[in-house]
$ cat work_21.txt   # compact mmCIF, C-alpha atoms
# COMPACT_ATOMS: atom_id res chain seq x y z
CA MET A 1 -3.74 13.62 25.22
CA ARG A 2 -2.47 10.58 23.34
CA SER A 3 -2.97 7.17 24.90
CA ALA A 4 0.02 5.11 25.96
CA SER A 5 -0.64 2.61 23.17
CA SER A 6 -0.67 5.42 20.56
CA LEU A 7 2.68 6.71 21.82
CA VAL A 8 4.17 3.21 21.75
CA PHE A 9 2.96 2.70 18.18
CA ALA A 10 4.34 6.06 17.07
CA LEU A 11 7.69 5.20 18.64
CA PHE A 12 7.66 1.83 16.86
CA VAL A 13 7.10 3.50 13.47
CA LEU A 14 9.91 6.00 14.12
CA VAL A 15 12.35 3.33 15.23
CA ASN A 16 11.40 1.15 12.26
CA ALA A 17 12.09 3.99 9.83
CA ILE A 18 15.56 4.52 11.30
CA TYR A 19 16.13 0.77 11.42
CA THR A 20 15.15 0.46 7.74
CA GLN A 21 17.86 2.94 6.72
CA VAL A 22 20.56 1.47 8.95
CA VAL A 23 19.83 -2.18 8.25
CA GLY A 24 19.44 -1.48 4.54
CA ALA A 25 22.94 -0.04 4.46
CA ASN A 26 24.34 -2.88 6.55
CA ASP A 27 22.63 -5.45 4.35
CA GLN A 28 24.18 -3.94 1.25
CA ALA A 29 27.61 -4.13 2.90
CA PHE A 30 27.03 -7.73 3.98
CA ASN A 31 25.80 -8.51 0.50
CA SER A 32 28.89 -7.14 -1.25
CA SER A 33 31.27 -8.95 1.07
CA THR A 34 29.70 -12.43 1.00
CA SER A 35 27.46 -12.99 -2.02
CA GLY A 36 28.57 -15.75 -4.36
CA ARG A 37 31.76 -16.52 -2.44
CA VAL A 38 30.85 -19.96 -1.13
CA HIS A 39 28.51 -21.69 -3.55
CA GLY A 40 30.67 -21.82 -6.63
CA GLY A 41 30.92 -18.04 -6.94
CA THR A 42 28.19 -18.04 -9.61
CA GLN A 43 25.48 -15.91 -8.00
CA ARG A 44 25.44 -12.21 -8.74
CA ALA A 45 24.77 -9.68 -6.02
CA CYS A 46 21.43 -7.90 -6.43
CA GLU A 47 21.49 -4.31 -7.59
CA LYS A 48 18.29 -3.60 -5.66
CA LEU A 49 16.65 -5.36 -2.73
CA LEU A 50 12.91 -5.72 -2.18
CA LEU A 51 12.13 -4.65 1.38
CA ARG A 52 9.92 -6.98 3.40
CA ARG A 53 8.37 -5.09 6.34
CA GLU A 54 6.52 -6.06 9.48
CA TRP A 55 2.76 -5.78 9.00
CA ARG A 56 2.23 -2.98 11.53
CA ALA A 57 5.01 -0.90 9.93
CA MET A 58 3.10 -0.72 6.63
CA THR A 59 0.70 2.09 5.86
CA ASN A 60 -3.00 1.32 5.57
CA SER A 61 -2.71 1.87 1.83
CA GLU A 62 0.15 -0.64 1.58
CA LYS A 63 -1.83 -3.15 3.62
CA ALA A 64 -4.85 -2.69 1.37
CA ASN A 65 -2.71 -3.23 -1.74
CA TYR A 66 -1.38 -6.48 -0.35
CA ILE A 67 -4.84 -7.74 0.62
CA THR A 68 -6.14 -6.81 -2.85
CA ALA A 69 -3.36 -8.84 -4.46
CA VAL A 70 -4.15 -11.88 -2.30
CA LYS A 71 -7.83 -11.62 -3.23
CA CYS A 72 -6.73 -11.39 -6.87
CA LEU A 73 -4.95 -14.76 -6.54
CA GLN A 74 -8.12 -16.09 -4.95
CA ALA A 75 -10.05 -15.05 -8.06
CA ARG A 76 -7.61 -16.22 -10.75
CA PRO A 77 -8.05 -19.77 -12.09
CA ALA A 78 -5.56 -22.46 -11.16
CA ARG A 79 -3.00 -23.33 -13.82
CA ASP A 80 -1.91 -26.90 -13.21
CA PRO A 81 -2.78 -27.76 -9.60
CA ALA A 82 -1.43 -30.77 -7.73
CA LEU A 83 -5.01 -31.49 -6.61
CA LYS A 84 -7.90 -31.31 -9.07
CA ALA A 85 -10.12 -29.75 -6.40
CA ALA A 86 -8.03 -26.56 -6.44
CA LYS A 87 -9.97 -23.99 -8.44
CA THR A 88 -8.01 -20.78 -7.90
CA ARG A 89 -4.36 -19.84 -8.07
CA PHE A 90 -4.46 -19.33 -4.29
CA ASP A 91 -5.86 -22.86 -3.92
CA GLU A 92 -3.05 -24.10 -6.15
CA PHE A 93 -0.43 -22.96 -3.64
CA GLN A 94 -2.31 -24.65 -0.81
CA ALA A 95 -2.79 -27.86 -2.84
CA TYR A 96 0.92 -28.11 -3.59
CA HIS A 97 1.82 -27.76 0.07
CA ILE A 98 -0.66 -30.53 0.90
CA THR A 99 1.06 -32.89 -1.51
CA GLU A 100 4.62 -31.91 -0.55
CA ALA A 101 4.35 -31.47 3.21
CA ASP A 102 5.64 -34.95 4.07
CA LYS A 103 8.71 -34.34 1.88
CA VAL A 104 9.79 -30.99 3.32
CA HIS A 105 9.16 -31.06 7.07
CA ILE A 106 11.40 -32.47 9.83
CA MET A 107 14.25 -32.50 7.32
CA GLY A 108 17.20 -30.33 6.34
CA GLN A 109 15.34 -28.76 3.40
CA PHE A 110 12.54 -27.39 5.61
CA LEU A 111 13.77 -23.79 5.77
CA PRO A 112 15.14 -23.53 2.19
CA TRP A 113 11.98 -25.08 0.71
CA HIS A 114 9.69 -22.68 2.51
CA ARG A 115 11.96 -19.76 1.55
CA GLN A 116 11.45 -20.63 -2.12
CA TYR A 117 7.75 -21.35 -1.56
CA VAL A 118 7.09 -17.92 -0.01
CA ARG A 119 9.20 -16.26 -2.72
CA SER A 120 7.16 -18.05 -5.41
CA TYR A 121 3.97 -16.74 -3.79
CA GLU A 122 5.43 -13.25 -3.68
CA LEU A 123 6.29 -13.40 -7.38
CA ALA A 124 2.79 -14.65 -8.21
CA LEU A 125 1.30 -11.65 -6.39
CA GLN A 126 3.58 -9.35 -8.36
CA ASN A 127 3.55 -10.92 -11.81
CA GLU A 128 -0.03 -12.18 -11.93
CA CYS A 129 -1.83 -9.56 -9.84
CA GLY A 130 0.23 -6.41 -10.32
CA TYR A 131 1.34 -6.13 -6.69
CA LYS A 132 4.19 -3.63 -6.38
CA GLY A 133 5.26 -4.38 -2.83
CA ALA A 134 6.91 -7.22 -0.94
CA THR A 135 5.64 -10.05 1.24
CA PRO A 136 5.04 -8.65 4.74
CA TYR A 137 5.96 -10.58 7.85
CA TRP A 138 4.27 -10.85 11.22
CA ASP A 139 6.67 -10.50 14.13
CA TRP A 140 4.47 -12.27 16.68
CA SER A 141 7.07 -11.72 19.42
CA LEU A 142 5.92 -8.07 19.59
CA ASP A 143 2.40 -9.23 20.44
CA SER A 144 3.51 -12.10 22.66
CA ASP A 145 5.63 -9.75 24.77
CA SER A 146 2.77 -7.28 25.24
CA LEU A 147 0.05 -7.38 27.89
CA SER A 148 -2.68 -7.58 25.27
CA SER A 149 -4.21 -10.83 24.02
CA LEU A 150 -2.65 -12.41 20.94
CA SER A 151 -6.04 -12.12 19.23
CA ASN A 152 -5.66 -8.32 19.40
CA ALA A 153 -2.59 -8.38 17.14
CA PRO A 154 -2.90 -5.96 14.18
CA VAL A 155 -2.96 -8.85 11.69
CA PHE A 156 -6.37 -9.85 13.06
CA ASP A 157 -7.92 -6.43 12.52
CA PRO A 158 -11.11 -6.79 10.40
CA ILE A 159 -10.43 -3.56 8.47
CA THR A 160 -6.66 -3.22 8.15
CA GLY A 161 -5.78 -6.88 8.69
CA PHE A 162 -6.82 -10.41 7.79
CA GLY A 163 -9.95 -10.69 9.90
CA GLY A 164 -10.30 -12.05 13.38
CA ASN A 165 -10.92 -15.28 15.21
CA GLY A 166 -13.30 -18.00 14.14
CA VAL A 167 -16.84 -17.84 15.51
CA PRO A 168 -17.49 -20.96 17.63
CA GLY A 169 -20.20 -23.24 16.34
CA THR A 170 -20.14 -22.00 12.75
CA TYR A 171 -18.16 -24.90 11.27
CA THR A 172 -18.40 -28.67 11.59
CA LEU A 173 -15.64 -31.00 10.46
CA PRO A 174 -16.50 -33.83 8.06
CA PRO A 175 -16.92 -37.15 9.88
CA ASN A 176 -14.36 -39.93 10.07
CA ILE A 177 -11.26 -37.98 9.07
CA PRO A 178 -8.26 -40.36 8.97
CA ALA A 179 -5.70 -39.82 11.72
CA ASP A 180 -2.89 -39.27 9.23
CA HIS A 181 -4.57 -36.02 8.12
CA ARG A 182 -3.47 -34.57 11.47
CA VAL A 183 -6.65 -32.54 11.95
CA ASP A 184 -7.09 -31.00 15.40
CA PRO A 185 -10.86 -30.99 16.11
CA GLN A 186 -10.55 -28.23 18.73
CA GLY A 187 -8.96 -25.90 16.20
CA PHE A 188 -11.73 -26.20 13.63
CA ASP A 189 -14.70 -24.92 15.58
CA GLY A 190 -15.46 -21.66 13.78
CA CYS A 191 -15.47 -19.71 10.51
CA VAL A 192 -13.84 -16.29 10.23
CA ARG A 193 -16.86 -14.00 9.84
CA ASP A 194 -15.20 -10.60 9.48
CA GLY A 195 -12.43 -9.06 7.43
CA PRO A 196 -11.49 -9.48 3.76
CA PHE A 197 -11.58 -13.29 3.70
CA ALA A 198 -14.86 -13.88 5.53
CA ASN A 199 -16.64 -15.06 2.38
CA TYR A 200 -13.81 -16.98 0.73
CA THR A 201 -14.43 -20.67 0.10
CA LEU A 202 -11.47 -23.02 0.39
CA HIS A 203 -11.61 -26.08 -1.85
CA CYS A 204 -8.75 -28.07 -0.32
CA GLY A 205 -8.38 -29.28 3.26
CA PRO A 206 -8.78 -29.69 6.12
CA GLY A 207 -5.73 -31.90 6.13
CA LYS A 208 -5.49 -33.95 2.93
CA LEU A 209 -9.23 -33.78 2.29
CA THR A 210 -10.72 -31.87 -0.63
CA THR A 211 -13.86 -30.14 0.66
CA ASP A 212 -15.50 -26.76 0.17
CA HIS A 213 -15.39 -24.89 3.46
CA CYS A 214 -14.83 -21.53 5.12
CA LEU A 215 -11.58 -20.15 6.51
CA THR A 216 -11.38 -21.29 10.12
CA ARG A 217 -9.31 -20.04 13.06
CA HIS A 218 -9.02 -20.82 16.75
CA VAL A 219 -6.56 -18.31 18.22
CA ARG A 220 -4.98 -19.58 21.41
CA PRO A 221 -3.69 -16.91 23.83
CA THR A 222 -1.25 -19.36 25.43
CA ALA A 223 0.71 -19.57 22.16
CA ARG A 224 2.51 -16.43 23.35
CA ASN A 225 4.64 -18.76 25.49
CA TYR A 226 6.23 -20.14 22.31
CA LEU A 227 6.35 -16.94 20.26
CA ASN A 228 7.87 -14.35 22.61
CA SER A 229 11.25 -12.65 22.30
CA THR A 230 12.80 -15.08 24.77
CA ALA A 231 11.88 -18.02 22.52
CA VAL A 232 13.45 -16.26 19.54
CA ALA A 233 16.58 -15.34 21.51
CA ASN A 234 17.06 -18.96 22.57
CA ILE A 235 17.09 -20.04 18.93
CA MET A 236 19.50 -17.31 17.88
CA LYS A 237 22.09 -18.54 20.41
CA LEU A 238 22.44 -21.94 18.76
CA PRO A 239 25.85 -22.41 17.09
CA THR A 240 25.03 -24.77 14.21
CA PHE A 241 22.35 -24.93 11.52
CA GLU A 242 21.42 -28.44 12.64
CA LEU A 243 20.59 -27.28 16.17
CA PHE A 244 18.96 -24.10 14.85
CA ARG A 245 16.63 -25.75 12.34
CA VAL A 246 15.45 -28.43 14.79
CA GLU A 247 14.76 -25.94 17.57
CA LEU A 248 12.96 -23.56 15.22
CA GLU A 249 10.72 -26.17 13.59
CA GLY A 250 9.62 -27.92 16.77
CA GLN A 251 7.68 -31.14 17.16
CA PRO A 252 7.96 -34.05 16.82
CA VAL A 253 11.73 -33.72 17.31
CA THR A 254 11.43 -31.31 20.24
CA ASN A 255 9.49 -32.08 23.41
CA GLY A 256 7.07 -29.19 22.93
CA PHE A 257 6.02 -26.38 20.61
CA ARG A 258 8.60 -23.99 19.21
CA VAL A 259 8.21 -20.84 17.10
CA HIS A 260 7.24 -22.66 13.90
CA ASP A 261 4.66 -25.14 15.09
CA GLY A 262 3.69 -22.90 18.01
CA GLY A 263 2.68 -20.21 15.52
CA HIS A 264 0.60 -22.63 13.48
CA TRP A 265 -1.07 -24.03 16.59
CA GLY A 266 -1.60 -20.56 18.02
CA ILE A 267 -3.66 -19.38 15.03
CA GLY A 268 -5.46 -22.69 14.79
CA GLY A 269 -8.06 -23.73 12.27
CA GLU A 270 -6.69 -24.26 8.77
CA MET A 271 -3.43 -22.62 9.79
CA GLY A 272 -3.01 -25.22 12.51
CA ASN A 273 -2.95 -28.14 10.09
CA PHE A 274 0.31 -29.74 8.96
CA TYR A 275 -0.93 -30.09 5.35
CA SER A 276 -3.53 -27.45 4.51
CA SER A 277 -2.19 -24.47 6.51
CA PRO A 278 -1.55 -22.24 3.44
CA GLY A 279 -5.32 -21.94 3.14
CA ASP A 280 -5.01 -19.12 5.68
CA PRO A 281 -3.30 -16.07 4.09
CA LEU A 282 -1.51 -15.54 7.42
CA PHE A 283 0.60 -18.61 6.58
CA TYR A 284 2.83 -16.48 4.37
CA LEU A 285 3.38 -13.79 7.01
CA HIS A 286 4.25 -16.44 9.59
CA HIS A 287 6.74 -18.18 7.33
CA ALA A 288 8.21 -14.89 6.17
CA ASN A 289 8.97 -14.15 9.82
CA LEU A 290 10.58 -17.58 10.24
CA ASP A 291 12.64 -16.86 7.13
CA ARG A 292 13.63 -13.51 8.63
CA ILE A 293 14.79 -15.22 11.83
CA TRP A 294 16.82 -17.68 9.79
CA TRP A 295 18.35 -14.84 7.74
CA ASN A 296 19.28 -12.96 10.90
CA TRP A 297 20.97 -16.13 12.18
CA GLN A 298 22.81 -16.54 8.86
CA ARG A 299 24.08 -12.96 9.01
CA MET A 300 25.71 -13.44 12.41
CA LEU A 301 28.71 -15.22 10.86
CA PRO A 302 29.85 -15.36 7.20
CA SER A 303 30.33 -19.14 7.52
CA ARG A 304 26.60 -19.56 8.14
CA LEU A 305 25.49 -18.12 4.81
CA TYR A 306 25.66 -21.50 3.04
CA GLU A 307 25.51 -23.77 6.07
CA ILE A 308 23.07 -26.63 5.53
CA SER A 309 22.56 -30.02 7.22
CA GLY A 310 20.03 -32.68 8.06
CA ARG A 311 18.43 -35.65 6.38
CA SER A 312 16.73 -35.11 3.02
CA THR A 313 14.64 -38.26 3.51
CA LEU A 314 13.01 -39.94 6.48
CA VAL A 315 12.90 -43.46 5.06
CA PRO A 316 15.72 -45.62 3.63
CA PRO A 317 17.78 -45.06 1.63
CA LEU A 318 18.71 -42.15 3.89
CA HIS A 319 20.59 -39.20 2.45
CA ASN A 320 21.91 -35.95 3.87
CA VAL A 321 20.77 -32.69 2.31
CA THR A 322 23.33 -30.70 0.32
CA LEU A 323 23.40 -27.36 -1.49
CA ASP A 324 22.63 -29.27 -4.70
CA PHE A 325 19.38 -30.70 -3.32
CA THR A 326 16.47 -29.69 -5.58
CA LEU A 327 13.59 -27.62 -4.21
CA HIS A 328 10.60 -28.60 -6.33
CA MET A 329 7.91 -25.95 -6.81
CA GLY A 330 5.75 -27.62 -9.47
CA SER A 331 3.43 -25.13 -11.16
CA LEU A 332 4.05 -22.47 -8.49
CA GLY A 333 7.42 -21.15 -9.58
CA SER A 334 11.04 -22.01 -10.31
CA THR A 335 12.50 -25.32 -9.19
CA VAL A 336 16.02 -24.57 -7.95
CA PRO A 337 18.84 -26.14 -5.89
CA ILE A 338 19.14 -25.14 -2.25
CA GLY A 339 22.36 -23.27 -3.02
CA GLU A 340 20.43 -20.66 -5.01
CA VAL A 341 18.17 -19.63 -2.12
CA MET A 342 20.70 -19.45 0.70
CA ASP A 343 21.76 -15.84 0.04
CA ILE A 344 18.64 -13.68 -0.26
CA HIS A 345 20.82 -10.74 -1.36
CA SER A 346 21.94 -12.60 -4.49
CA GLU A 347 20.04 -13.17 -7.70
CA PRO A 348 17.44 -14.47 -8.27
CA ASN A 349 16.21 -13.74 -4.70
CA CYS A 350 16.87 -10.03 -4.18
CA TYR A 351 14.95 -9.21 -1.02
CA THR A 352 15.74 -8.37 2.59
CA TYR A 353 13.99 -7.74 5.89
CA VAL A 354 13.62 -4.40 7.63
$ encode --input "work_21.txt" --output "structure tokens"
Amino acid sequence: MRSASSLVFALFVLVNAIYTQVVGANDQAFNSSTSGRVHGGTQRACEKLLLRREWRAMTNSEKANYITAVKCLQARPARDPALKAAKTRFDEFQAYHITEADKVHIMGQFLPWHRQYVRSYELALQNECGYKGATPYWDWSLDSDSLSSLSNAPVFDPITGFGGNGVPGTYTLPPNIPADHRVDPQGFDGCVRDGPFANYTLHCGPGKLTTDHCLTRHVRPTARNYLNSTAVANIMKLPTFELFRVELEGQPVTNGFRVHDGGHWGIGGEMGNFYSSPGDPLFYLHHANLDRIWWNWQRMLPSRLYEISGRSTLVPPLHNVTLDFTLHMGSLGSTVPIGEVMDIHSEPNCYTYV
């Protein structure tokens, strides 16, 4: 007799398959009715959309192909990294985030910048490592709503996932780290010792440091309080982009963790750091899910497709972000205005979530 968990998983796969067909058709209809209408009418609707799926909805073969592509980036030499310490192409993405983090968080460009950043990573996996699929996302609300510990989520599986928790006592932080590096000592207490990234050496981080060290994690079960379906539903109810982006991103504007910073804190280690978090490959699944939530919010009303607001700077002279604001990607990918990333069903984006 099948276990209850096996039946639940089988039901999830079946529902996801049906959802993929229905949402794919709805997305195409939404795409044809809204693409290019607001931002100058210059963007062309995509003829084909890349389908980003939740990690547990992928086959083991698809998961293995994605992991292989990530490991390929971790083996390819850096091109023109923002930090000289970055040795691999994977490091190069992390290094750029370290240098740009203060310019793209707590501001109106937070969501568009990370949309282009994740897309640039996806294109690097495809164009430089031959990956044929799309960036997966991790819907942590499924795990947060369950009775199981967050550390039992499929993404932490050592064989079909990204490896598990850090092993306490296997990593020691460098001494005298400046406070502005925002390093949480409790989150850096152990190296990941299983899974595909157990032996990978990071060359950037923690924080703004450049040190050779292992991938660290410190999964916190209580993070489920910030990542459950109720937390997501509360965000989706917000009527304006300004309220939505602030509530999604979290501290220091909010009085506690929200889905963005709660997810980073919940995984801990490198992922828990404001600057060096892309050193954990799970960064891209987390931010793909945040992008999915934003896209679902955009799709609720046609007027939201190009809605943008918020400061583009935190120090004088202060400016408000606009659709013409430039999203710099350096050596990672294309530098584009915000207006070009708002509709993921228009060129050059051409992806959707199922």
$ atom_distance --input "work_21.txt" --atom1 "atom CA of Phe188 of chain A" --atom2 "atom CA of Ser141 of chain A"
24.4 Å
$ residues_around --input "work_21.txt" --residues "Leu248 of chain A" --least-positions-apart "6" --cutoff "10 Å" --atoms "only C-alpha atoms" --output "ChimeraX atom specification"
/A:111,231-232,234-236,254,257-262,290,293-294
$ residues_around --input "work_21.txt" --residues "Glu122 of chain A" --least-positions-apart "4" --cutoff "10 Å" --atoms "all atoms listed in the file" --output "ChimeraX atom specification"
/A:69-70,116-118,126-128,131,133-136,284
$ closest_residue --input "work_21.txt" --among "A:His203, A:His97, A:Lys103, A:Lys63" --to "Gly161 of chain A" --atoms "all atoms listed in the file"
A:Lys63
$ closest_residue --input "work_21.txt" --among "A:Ile98, A:Ile338, A:Ala57, A:Leu142" --to "Tyr275 of chain A" --atoms "only C-alpha atoms"
A:Ile98
$ residues_around --input "work_21.txt" --residues "Phe93 of chain A" --least-positions-apart "3" --cutoff "12 Å" --atoms "all atoms listed in the file" --output "VMD selection string"
chain A and resid 70 73 to 74 77 to 83 86 to 90 96 to 101 114 117 to 122 124 to 125 202 to 204 275 to 281 283 to 284 329 to 333
$ write_last_selection --input "work_21.txt" --atoms "C-alpha atoms" --output "compact mmCIF listing (two decimals), in the frame of the given file"
# COMPACT_ATOMS: atom_id res chain seq x y z
CA VAL A 70 -4.15 -11.88 -2.30
CA LEU A 73 -4.95 -14.76 -6.54
CA GLN A 74 -8.12 -16.09 -4.95
CA PRO A 77 -8.05 -19.77 -12.09
CA ALA A 78 -5.56 -22.46 -11.16
CA ARG A 79 -3.00 -23.33 -13.82
CA ASP A 80 -1.91 -26.90 -13.21
CA PRO A 81 -2.78 -27.76 -9.60
CA ALA A 82 -1.43 -30.77 -7.73
CA LEU A 83 -5.01 -31.49 -6.61
CA ALA A 86 -8.03 -26.56 -6.44
CA LYS A 87 -9.97 -23.99 -8.44
CA THR A 88 -8.01 -20.78 -7.90
CA ARG A 89 -4.36 -19.84 -8.07
CA PHE A 90 -4.46 -19.33 -4.29
CA TYR A 96 0.92 -28.11 -3.59
CA HIS A 97 1.82 -27.76 0.07
CA ILE A 98 -0.66 -30.53 0.90
CA THR A 99 1.06 -32.89 -1.51
CA GLU A 100 4.62 -31.91 -0.55
CA ALA A 101 4.35 -31.47 3.21
CA HIS A 114 9.69 -22.68 2.51
CA TYR A 117 7.75 -21.35 -1.56
CA VAL A 118 7.09 -17.92 -0.01
CA ARG A 119 9.20 -16.26 -2.72
CA SER A 120 7.16 -18.05 -5.41
CA TYR A 121 3.97 -16.74 -3.79
CA GLU A 122 5.43 -13.25 -3.68
CA ALA A 124 2.79 -14.65 -8.21
CA LEU A 125 1.30 -11.65 -6.39
CA LEU A 202 -11.47 -23.02 0.39
CA HIS A 203 -11.61 -26.08 -1.85
CA CYS A 204 -8.75 -28.07 -0.32
CA TYR A 275 -0.93 -30.09 5.35
CA SER A 276 -3.53 -27.45 4.51
CA SER A 277 -2.19 -24.47 6.51
CA PRO A 278 -1.55 -22.24 3.44
CA GLY A 279 -5.32 -21.94 3.14
CA ASP A 280 -5.01 -19.12 5.68
CA PRO A 281 -3.30 -16.07 4.09
CA PHE A 283 0.60 -18.61 6.58
CA TYR A 284 2.83 -16.48 4.37
CA MET A 329 7.91 -25.95 -6.81
CA GLY A 330 5.75 -27.62 -9.47
CA SER A 331 3.43 -25.13 -11.16
CA LEU A 332 4.05 -22.47 -8.49
CA GLY A 333 7.42 -21.15 -9.58
$ atom_distance --input "work_21.txt" --atom1 "atom CA of Pro168 of chain A" --atom2 "atom CA of Pro154 of chain A"
21.2 Å
$ residues_near_point --input "work_21.txt" --point "(1.3, -18.3, 24.9)" --cutoff "10 Å" --atoms "all atoms listed in the file" --output "number ranges by chain"
A: 144-145, 149-150, 220-228, 262-263, 266
$ closest_residue --input "work_21.txt" --among "A:Phe325, A:Tyr351, A:Phe241, A:Phe162" --to "Tyr306 of chain A" --atoms "only C-alpha atoms"
A:Phe241
$ atom_distance --input "work_21.txt" --atom1 "atom CA of Asn349 of chain A" --atom2 "atom CA of Gln298 of chain A"
15.3 Å
$ closest_atom_pairs --input "work_21.txt" --of "segment 289-325 of chain A" --to "segment 52-55 of chain A" --cutoff "12 Å" --atoms "all atoms listed in the file" --output "JSON lines"
{"residue": "A:Asn289", "atom": "CA", "partner": "A:Glu54", "partner_atom": "CA", "distance": 8.5}
{"residue": "A:Asp291", "atom": "CA", "partner": "A:Arg52", "partner_atom": "CA", "distance": 10.9}
{"residue": "A:Arg292", "atom": "CA", "partner": "A:Arg52", "partner_atom": "CA", "distance": 9.2}
$ write_last_selection --input "work_21.txt" --atoms "C-alpha atoms" --output "PDB file, in the coordinates of the input"
ATOM      1  CA  ASN A 289       8.970 -14.150   9.820  1.00  0.00           C
ATOM      2  CA  ASP A 291      12.640 -16.860   7.130  1.00  0.00           C
ATOM      3  CA  ARG A 292      13.630 -13.510   8.630  1.00  0.00           C
TER       4      ARG A 292
END
$ closest_residue --input "work_21.txt" --among "A:Tyr137, A:Tyr353, A:Phe110, A:Tyr200" --to "Gly310 of chain A" --atoms "only C-alpha atoms"
A:Phe110
$ closest_residue --input "work_21.txt" --among "A:Arg56, A:Tyr66, A:Cys214, A:Asp91" --to "Asp157 of chain A" --atoms "only C-alpha atoms"
A:Arg56
$ decode --input "work_21.txt" --residues "segment 174-221 of chain A" --atoms "C-alpha atoms" --output "PDB file, in the first residue's frame"
ATOM      1  CA  PRO A 174      37.371  34.870   9.807  1.00  0.00           C
ATOM      2  CA  PRO A 175      37.985  37.139  12.802  1.00  0.00           C
ATOM      3  CA  ASN A 176      37.075  40.806  13.041  1.00  0.00           C
ATOM      4  CA  ILE A 177      34.560  40.998  10.197  1.00  0.00           C
ATOM      5  CA  PRO A 178      33.329  44.613   9.861  1.00  0.00           C
ATOM      6  CA  ALA A 179      29.717  45.164  10.892  1.00  0.00           C
ATOM      7  CA  ASP A 180      28.783  46.577   7.489  1.00  0.00           C
ATOM      8  CA  HIS A 181      29.361  43.119   5.951  1.00  0.00           C
ATOM      9  CA  ARG A 182      26.154  42.050   7.704  1.00  0.00           C
ATOM     10  CA  VAL A 183      27.448  38.578   8.567  1.00  0.00           C
ATOM     11  CA  ASP A 184      25.285  36.584  10.977  1.00  0.00           C
ATOM     12  CA  PRO A 185      27.686  34.443  13.073  1.00  0.00           C
ATOM     13  CA  GLN A 186      24.941  31.956  14.010  1.00  0.00           C
ATOM     14  CA  GLY A 187      24.242  31.237  10.357  1.00  0.00           C
ATOM     15  CA  PHE A 188      27.815  30.339   9.463  1.00  0.00           C
ATOM     16  CA  ASP A 189      28.445  27.404  11.756  1.00  0.00           C
ATOM     17  CA  GLY A 190      28.722  24.535   9.277  1.00  0.00           C
ATOM     18  CA  CYS A 191      29.747  23.361   5.804  1.00  0.00           C
ATOM     19  CA  VAL A 192      27.361  21.445   3.565  1.00  0.00           C
ATOM     20  CA  ARG A 193      28.918  17.970   3.535  1.00  0.00           C
ATOM     21  CA  ASP A 194      26.556  16.086   1.217  1.00  0.00           C
ATOM     22  CA  GLY A 195      25.026  16.590  -2.196  1.00  0.00           C
ATOM     23  CA  PRO A 196      26.503  17.951  -5.429  1.00  0.00           C
ATOM     24  CA  PHE A 197      28.089  21.073  -3.924  1.00  0.00           C
ATOM     25  CA  ALA A 198      29.747  19.541  -0.874  1.00  0.00           C
ATOM     26  CA  ASN A 199      33.247  19.991  -2.296  1.00  0.00           C
ATOM     27  CA  TYR A 200      32.807  23.343  -4.017  1.00  0.00           C
ATOM     28  CA  THR A 201      35.054  26.159  -2.829  1.00  0.00           C
ATOM     29  CA  LEU A 202      33.623  29.674  -2.839  1.00  0.00           C
ATOM     30  CA  HIS A 203      36.142  32.445  -3.413  1.00  0.00           C
ATOM     31  CA  CYS A 204      33.966  35.429  -2.500  1.00  0.00           C
ATOM     32  CA  GLY A 205      32.210  36.142   0.787  1.00  0.00           C
ATOM     33  CA  PRO A 206      31.099  35.865   3.471  1.00  0.00           C
ATOM     34  CA  GLY A 207      29.702  39.352   3.139  1.00  0.00           C
ATOM     35  CA  LYS A 208      32.071  41.617   1.217  1.00  0.00           C
ATOM     36  CA  LEU A 209      35.126  39.552   2.120  1.00  0.00           C
ATOM     37  CA  THR A 210      37.082  37.557  -0.462  1.00  0.00           C
ATOM     38  CA  THR A 211      38.026  34.247   1.170  1.00  0.00           C
ATOM     39  CA  ASP A 212      38.184  30.624   0.081  1.00  0.00           C
ATOM     40  CA  HIS A 213      35.576  28.680   2.016  1.00  0.00           C
ATOM     41  CA  CYS A 214      32.934  25.962   1.820  1.00  0.00           C
ATOM     42  CA  LEU A 215      29.234  26.381   1.115  1.00  0.00           C
ATOM     43  CA  THR A 216      27.551  26.935   4.475  1.00  0.00           C
ATOM     44  CA  ARG A 217      23.932  26.614   5.579  1.00  0.00           C
ATOM     45  CA  HIS A 218      22.001  26.907   8.814  1.00  0.00           C
ATOM     46  CA  VAL A 219      18.392  25.952   8.045  1.00  0.00           C
ATOM     47  CA  ARG A 220      15.974  27.422  10.553  1.00  0.00           C
ATOM     48  CA  PRO A 221      12.652  25.567  10.979  1.00  0.00           C
TER      49      PRO A 221
END
